[in-house]
Amino acid sequence: MRDEEEATDGPPDPQLHPEQSPGFGDTPAGLEDIEVDRDVTIGEASLEELGASDTEPVEDDAVSDLLETLGGENPVERRRAALALAERETEPPIVRALSRAATTDDDADVRQFAVEALTKHGGELAVETARLLTDDPNPWVRAEAVVALDRLDRAAHEDAIEAALDDEHHAARRNALVSLFKLRGEGSLDVLVDAADDPSERVREWAAHLLGGIDDDVATETLAQLADDERSIVRETAVRAREVDAGSFRRQFTGVLDESDRTLPGEDDLNRTPNL
């Protein structure tokens, strides 16, 4: 059964209509409800950088060529090579090269793409690399490391995933929260209640979303509190979460999320906006 996050059937979500977007129209409203983290910058990205995740240009390259590119000078080409190597048959040279890139490359995006690719190959080196990267200086690499541990074996790496709940960046905390819910189900109540007070609206939004999968008075009370949150996205998620069937929700929310729904740069499958 697919995760509820992956559902694509049915009519379009009315919240996705352009007229519902903050800033639409001559007198835009709702801009105050957008959380902008201090690590967000507005700048310019080249067409080459925007196309870094497109592996079509190298899909016919030999593994040896991709490995050479992964160690080359151009960071955009290194990112593309890392993603392309994820789709090749697992071989020791590929695994070693991806681990090296994930832990030593000076470009954070290359490290993130490399650990993502390495995770698809699996194995002990992937585990060692992902656990090491939970302490990476870049927050999106740390967030990706949590995703990697979730995919590799969330039960075996529960300790490292739970430790990410204390990460200074919302993406890592959010990913840990989702992973622990998938692992513990109703046993994740305490961490979800704690997350309801998180300073990030993204974490509170996910806490509200996941609390819909717990049939408990404390969960109900917490959702009632979140329904009065200062951020509209949290309030709306909490209201919808109170209407779902908890047992059905948990049964749908167990597997690895579909990779086709990556949204923003740096964001991975566990980072997507809840869709009740």
# chains A, B, ... in the order shown; residues from 1 in each chain; ligands from 1
>>> closest_atom_pairs(of="range 98-203 of chain A", to="range 215-223 of chain A", cutoff="9 Å", atoms="only C-alpha atoms", output="CSV")
residue,atom,partner,partner_atom,distance
A:Glu186,CA,A:Asp215,CA,7.8
A:Leu189,CA,A:Ala219,CA,7.1
A:Leu192,CA,A:Ala219,CA,8.5
A:Val193,CA,A:Thr222,CA,6.6
A:Ala196,CA,A:Thr222,CA,7.3
>>> write_last_selection(atoms="all heavy atoms", output="short mmCIF file (atom, residue, chain, number, x, y, z; two decimals), in the first residue's frame")
data_model
loop_
_atom_site.label_atom_id
_atom_site.label_comp_id
_atom_site.auth_asym_id
_atom_site.auth_seq_id
_atom_site.Cartn_x
_atom_site.Cartn_y
_atom_site.Cartn_z
N GLU A 186 2.19 4.53 17.51
CA GLU A 186 1.63 5.22 18.67
C GLU A 186 2.65 5.42 19.78
O GLU A 186 2.47 6.28 20.64
CB GLU A 186 0.42 4.45 19.20
CG GLU A 186 -0.77 4.50 18.26
CD GLU A 186 -2.03 3.95 18.90
OE1 GLU A 186 -2.00 2.79 19.36
OE2 GLU A 186 -3.04 4.69 18.95
N LEU A 189 4.25 9.03 20.60
CA LEU A 189 3.43 10.12 21.14
C LEU A 189 4.26 11.17 21.86
O LEU A 189 4.09 12.37 21.64
CB LEU A 189 2.36 9.55 22.08
CG LEU A 189 1.49 10.60 22.79
CD1 LEU A 189 0.69 11.42 21.79
CD2 LEU A 189 0.53 9.91 23.78
N LEU A 192 6.24 13.44 19.58
CA LEU A 192 5.35 14.30 18.79
C LEU A 192 4.79 15.44 19.64
O LEU A 192 4.68 16.57 19.17
CB LEU A 192 4.21 13.48 18.20
CG LEU A 192 4.59 12.45 17.12
CD1 LEU A 192 3.37 11.66 16.69
CD2 LEU A 192 5.24 13.13 15.93
N VAL A 193 4.46 15.14 20.87
CA VAL A 193 3.97 16.18 21.78
C VAL A 193 5.06 17.21 22.02
O VAL A 193 4.81 18.42 22.01
CB VAL A 193 3.48 15.57 23.10
CG1 VAL A 193 3.19 16.66 24.13
CG2 VAL A 193 2.23 14.72 22.86
N ALA A 196 5.44 19.53 19.13
CA ALA A 196 4.36 20.51 18.98
C ALA A 196 4.78 21.88 19.49
O ALA A 196 4.14 22.89 19.14
CB ALA A 196 3.11 20.03 19.71
#
>>> residues_around(residues="range 69-79 of chain A", least_positions_apart="2", cutoff="9 Å", atoms="only C-alpha atoms", output="list in words")
Glu48, Glu49, Gly51, Ala52, Ser53, Ser64, Asp65, Leu66, Leu67, Ala81, Ala82, Leu83, Ala84, Ala97, Leu98, Ala101, Asp105, Asp106, Asp107, Asp109, Val110, Arg111, Gln112, Phe113 and Ala114 of chain A
>>> residues_around(residues="Gly187 in chain A", least_positions_apart="3", cutoff="12 Å", atoms="only C-alpha atoms", output="list in words")
Leu180, Phe181, Lys182, Leu183, Arg184, Asp190, Val191, Leu192, Val193, Leu210, Leu211, Gly213, Ile214, Asp215, Asp216, Ala219 and Arg250 of chain A
>>> decode(residues="range 141-175 of chain A", atoms="N, CA, C and O atoms", output="CSV table (one decimal), in the first residue's frame")
chain,number,residue,atom,x,y,z
A,141,VAL,N,22.9,18.3,4.6
A,141,VAL,CA,23.6,17.0,4.6
A,141,VAL,C,23.2,16.2,5.8
A,141,VAL,O,23.0,15.0,5.7
A,142,ARG,N,23.1,16.8,6.9
A,142,ARG,CA,22.7,16.1,8.1
A,142,ARG,C,21.2,15.6,8.0
A,142,ARG,O,20.9,14.5,8.3
A,143,ALA,N,20.4,16.4,7.4
A,143,ALA,CA,19.0,16.0,7.1
A,143,ALA,C,19.0,14.8,6.2
A,143,ALA,O,18.2,13.8,6.4
A,144,GLU,N,19.8,14.8,5.2
A,144,GLU,CA,19.9,13.7,4.2
A,144,GLU,C,20.4,12.4,4.9
A,144,GLU,O,20.0,11.3,4.6
A,145,ALA,N,21.4,12.6,5.9
A,145,ALA,CA,21.9,11.5,6.6
A,145,ALA,C,20.8,10.8,7.4
A,145,ALA,O,20.8,9.6,7.5
A,146,VAL,N,19.9,11.6,8.0
A,146,VAL,CA,18.8,11.0,8.7
A,146,VAL,C,17.9,10.1,7.7
A,146,VAL,O,17.5,9.0,8.0
A,147,VAL,N,17.6,10.7,6.5
A,147,VAL,CA,16.9,10.0,5.5
A,147,VAL,C,17.6,8.7,5.2
A,147,VAL,O,17.0,7.6,5.0
A,148,ALA,N,18.9,8.8,5.0
A,148,ALA,CA,19.7,7.6,4.7
A,148,ALA,C,19.6,6.5,5.7
A,148,ALA,O,19.3,5.3,5.4
A,149,LEU,N,19.7,6.9,7.0
A,149,LEU,CA,19.6,5.9,8.0
A,149,LEU,C,18.2,5.3,8.1
A,149,LEU,O,18.0,4.1,8.4
A,150,ASP,N,17.2,6.1,7.8
A,150,ASP,CA,15.8,5.6,7.8
A,150,ASP,C,15.6,4.5,6.7
A,150,ASP,O,15.0,3.5,6.9
A,151,ARG,N,16.2,4.8,5.5
A,151,ARG,CA,16.1,3.9,4.4
A,151,ARG,C,16.9,2.6,4.6
A,151,ARG,O,16.5,1.5,4.3
A,152,LEU,N,18.1,2.8,5.2
A,152,LEU,CA,19.0,1.6,5.4
A,152,LEU,C,18.4,0.6,6.4
A,152,LEU,O,18.4,-0.6,6.2
A,153,ASP,N,18.0,1.2,7.6
A,153,ASP,CA,17.4,0.3,8.6
A,153,ASP,C,17.0,1.2,9.8
A,153,ASP,O,17.8,1.4,10.7
A,154,ARG,N,15.8,1.8,9.8
A,154,ARG,CA,15.5,2.7,10.8
A,154,ARG,C,15.5,2.1,12.2
A,154,ARG,O,15.8,2.8,13.2
A,155,ALA,N,15.2,0.9,12.3
A,155,ALA,CA,15.2,0.2,13.6
A,155,ALA,C,16.6,0.1,14.2
A,155,ALA,O,16.9,0.3,15.3
A,156,ALA,N,17.5,-0.3,13.3
A,156,ALA,CA,18.9,-0.5,13.7
A,156,ALA,C,19.6,0.8,14.1
A,156,ALA,O,20.5,0.8,14.9
A,157,HIS,N,19.1,1.9,13.5
A,157,HIS,CA,19.8,3.2,13.7
A,157,HIS,C,18.9,4.1,14.5
A,157,HIS,O,19.0,5.4,14.3
A,158,GLU,N,18.0,3.6,15.3
A,158,GLU,CA,17.0,4.4,16.0
A,158,GLU,C,17.8,5.4,16.9
A,158,GLU,O,17.3,6.6,17.1
A,159,ASP,N,18.9,5.0,17.5
A,159,ASP,CA,19.6,5.9,18.4
A,159,ASP,C,20.1,7.2,17.7
A,159,ASP,O,19.9,8.3,18.1
A,160,ALA,N,20.7,7.0,16.5
A,160,ALA,CA,21.2,8.2,15.7
A,160,ALA,C,20.0,9.0,15.2
A,160,ALA,O,20.2,10.2,15.2
A,161,ILE,N,19.0,8.4,14.8
A,161,ILE,CA,17.8,9.1,14.3
A,161,ILE,C,17.2,9.9,15.5
A,161,ILE,O,16.9,11.1,15.3
A,162,GLU,N,17.0,9.3,16.6
A,162,GLU,CA,16.5,10.0,17.8
A,162,GLU,C,17.4,11.2,18.2
A,162,GLU,O,16.9,12.3,18.6
A,163,ALA,N,18.7,11.0,18.1
A,163,ALA,CA,19.6,12.1,18.4
A,163,ALA,C,19.4,13.3,17.6
A,163,ALA,O,19.6,14.5,18.0
A,164,ALA,N,18.9,13.1,16.3
A,164,ALA,CA,18.7,14.2,15.4
A,164,ALA,C,17.5,15.1,15.8
A,164,ALA,O,17.3,16.2,15.3
A,165,LEU,N,16.7,14.6,16.8
A,165,LEU,CA,15.6,15.5,17.3
A,165,LEU,C,16.2,16.7,17.9
A,165,LEU,O,15.5,17.7,18.1
A,166,ASP,N,17.4,16.7,18.3
A,166,ASP,CA,18.1,17.8,19.0
A,166,ASP,C,18.9,18.6,18.0
A,166,ASP,O,19.7,19.6,18.5
A,167,ASP,N,18.9,18.3,16.8
A,167,ASP,CA,19.6,19.1,15.8
A,167,ASP,C,19.2,20.5,15.8
A,167,ASP,O,18.0,20.9,16.0
A,168,GLU,N,20.1,21.4,15.4
A,168,GLU,CA,19.8,22.9,15.4
A,168,GLU,C,19.0,23.3,14.2
A,168,GLU,O,18.4,24.4,14.2
A,169,HIS,N,18.9,22.4,13.2
A,169,HIS,CA,18.2,22.7,12.0
A,169,HIS,C,16.8,22.0,11.9
A,169,HIS,O,16.8,20.8,12.2
A,170,HIS,N,15.8,22.7,11.5
A,170,HIS,CA,14.5,22.1,11.4
A,170,HIS,C,14.4,20.9,10.5
A,170,HIS,O,13.6,19.9,10.8
A,171,ALA,N,15.1,20.8,9.4
A,171,ALA,CA,15.0,19.7,8.5
A,171,ALA,C,15.4,18.4,9.1
A,171,ALA,O,14.8,17.4,8.9
A,172,ALA,N,16.5,18.4,9.8
A,172,ALA,CA,17.0,17.2,10.5
A,172,ALA,C,16.0,16.8,11.5
A,172,ALA,O,15.7,15.6,11.7
A,173,ARG,N,15.5,17.7,12.3
A,173,ARG,CA,14.5,17.4,13.4
A,173,ARG,C,13.3,16.8,12.8
A,173,ARG,O,12.7,15.8,13.3
A,174,ARG,N,12.8,17.4,11.7
A,174,ARG,CA,11.6,17.0,11.0
A,174,ARG,C,11.8,15.6,10.5
A,174,ARG,O,10.9,14.7,10.6
A,175,ASN,N,12.9,15.3,9.8
A,175,ASN,CA,13.1,14.0,9.3
A,175,ASN,C,13.2,12.9,10.4
A,175,ASN,O,12.7,11.8,10.2
